[in-house]
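**Q** Got a structure for you, questions after.
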Amino acid sequence: MTTLENVETKLLTGCSDMYSGITVDKELLAKTCVLFERQLEQSLLAWREAKRRGIWLPIPHDRTELISIAQKFGFVLHHAKPDYVMLTNWLDENEPNPLPSYAISTIGVGGLVVNSKREVLLIQERFAYVDDYFKLPGGALDIGEPIECGVEREVFEETGIRAHFRGVLAFTYDNNFRFEHGDVYFACLMSLDEDEKDQQINFDPLEIAACQWMPLDEWANSPEKHPVPITLHLARLTIDVLDGRENLLEPDLIKVKPKNPKQLPWNIMMYRKKSSEKKE
């Protein structure tokens, strides 16, 4: 008869990080609660012996019975995704826990689309916080989605108009948005391509109550049309950009090469006023 004492315990391993931490491979989690408790206890002993510091423990969505066991050993909830729950445990008793919290901000985009007639594309949301408010089409970026792609997608989904990103006009930050997290909103200037005359508004009735083109100059000179003054500032800034008095923040790809040759390089998109550079 097999007993717990003579079952070999396979220690948990995973991917190490530069801070002497480890993210556990969830495929190695023991198959039963009893075996997992023993496995985690012995793994913690090994990690402490090896001077590991931060432990990241993902629990699959269909193994949530393991969460309470991990909590008995000092693990705390960090974040949840549809397919797993992440727990952490800071083992270094000589230093305060510096493990970063989960993402604390959402990122939204709005497209200020101007056509060849100098009209701006505006929507009225079906479910809105402010009555009779025509605003910019837009929404939240998908995970991993660039600003340029996200604003083009959102404008098309809400209005049926295919517009193209030109640059960032401005951005706002709300430090107490949904779930007490921050919200960053990028307002982007957009234009139509050569098939402009063939494009027709086809808005999404599930989200949008109305959609229309409005003369930009009229919109910018009508404060009563802006119960939220952000759009008034954006309208006037857009006129300054179109008339050459202001510049857009345009994307510039920055390649970062890590000092560790085993680590892959990564890219960062920097948004800046390129036209303000000094010409040699």
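Residue names in the structure tokens use chain letters A, B, ... in the order shown, residue numbers from 1 in each chain, and ligand numbers from 1 in the order shown.
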Do you know which residues are at most 10 Å from region 8-18 of chain A counting only C-alpha atoms, after dropping those on the same chain fewer than 2 positions away, and could you put them as a VMD selection string?

**A** chain A and resid 4 to 6 20 to 30 35 to 36 38 to 47 52 54 to 57 260

**Q** For Met270 (chain A), list every protein, DNA or RNA residue within 10 Å, evaluated using only C-alpha atoms, and leave out those in the same chain fewer than 4 positions away; present the list as JSON, numbers by chain.

**A** {"A": [249, 250, 251, 252, 253, 254]}

**Q** For region 149-162 of chain A, find every residue with an atom within 9 Å (counting only C-alpha atoms), except residues of its own chain fewer than 3 positions away, and show them as a ChimeraX atom specification.

**A** /A:108-111,113,121-123,136-142,145-146,165,186-188,190-193,196,199-205,207-208,211

**Q** CA of Lys72 (chain A) to CA of Glu37 (chain A): how many Å, to one decimal?

**A**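 Result for CA of Lys72 (chain A) versus CA of Glu37 (chain A): 9.3 Å, one decimal.
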
**Q** Could you pull out the strand (DSSP E or B) residues of region 36-82 of chain A from DSSP and send them as a count of residues only?

**A** 13

**Q** Have a look at A:Thr106, A:Asn97, A:Asn115, A:Ser68 and name the one nearest to Trp213 (chain A); count only C-alpha atoms.

**A**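 Under the stated criterion, the closest residue is A:Asn115.
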
**Q** Using only C-alpha atoms, can you tell me which of A:Gly167, A:Pro215, A:Gly144, A:Pro82 comes closest to Val114 (chain A)?

**A**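 Among A:Gly167, A:Pro215, A:Gly144, A:Pro82, it is A:Pro215 that comes nearest to Val114 (chain A).
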
**Q** Here is a test: counting only C-alpha atoms, which residue of A:Leu206, A:Ala235, A:Leu242, A:Asp62 is nearest to Gln124 (chain A)?

**A** A:Leu206
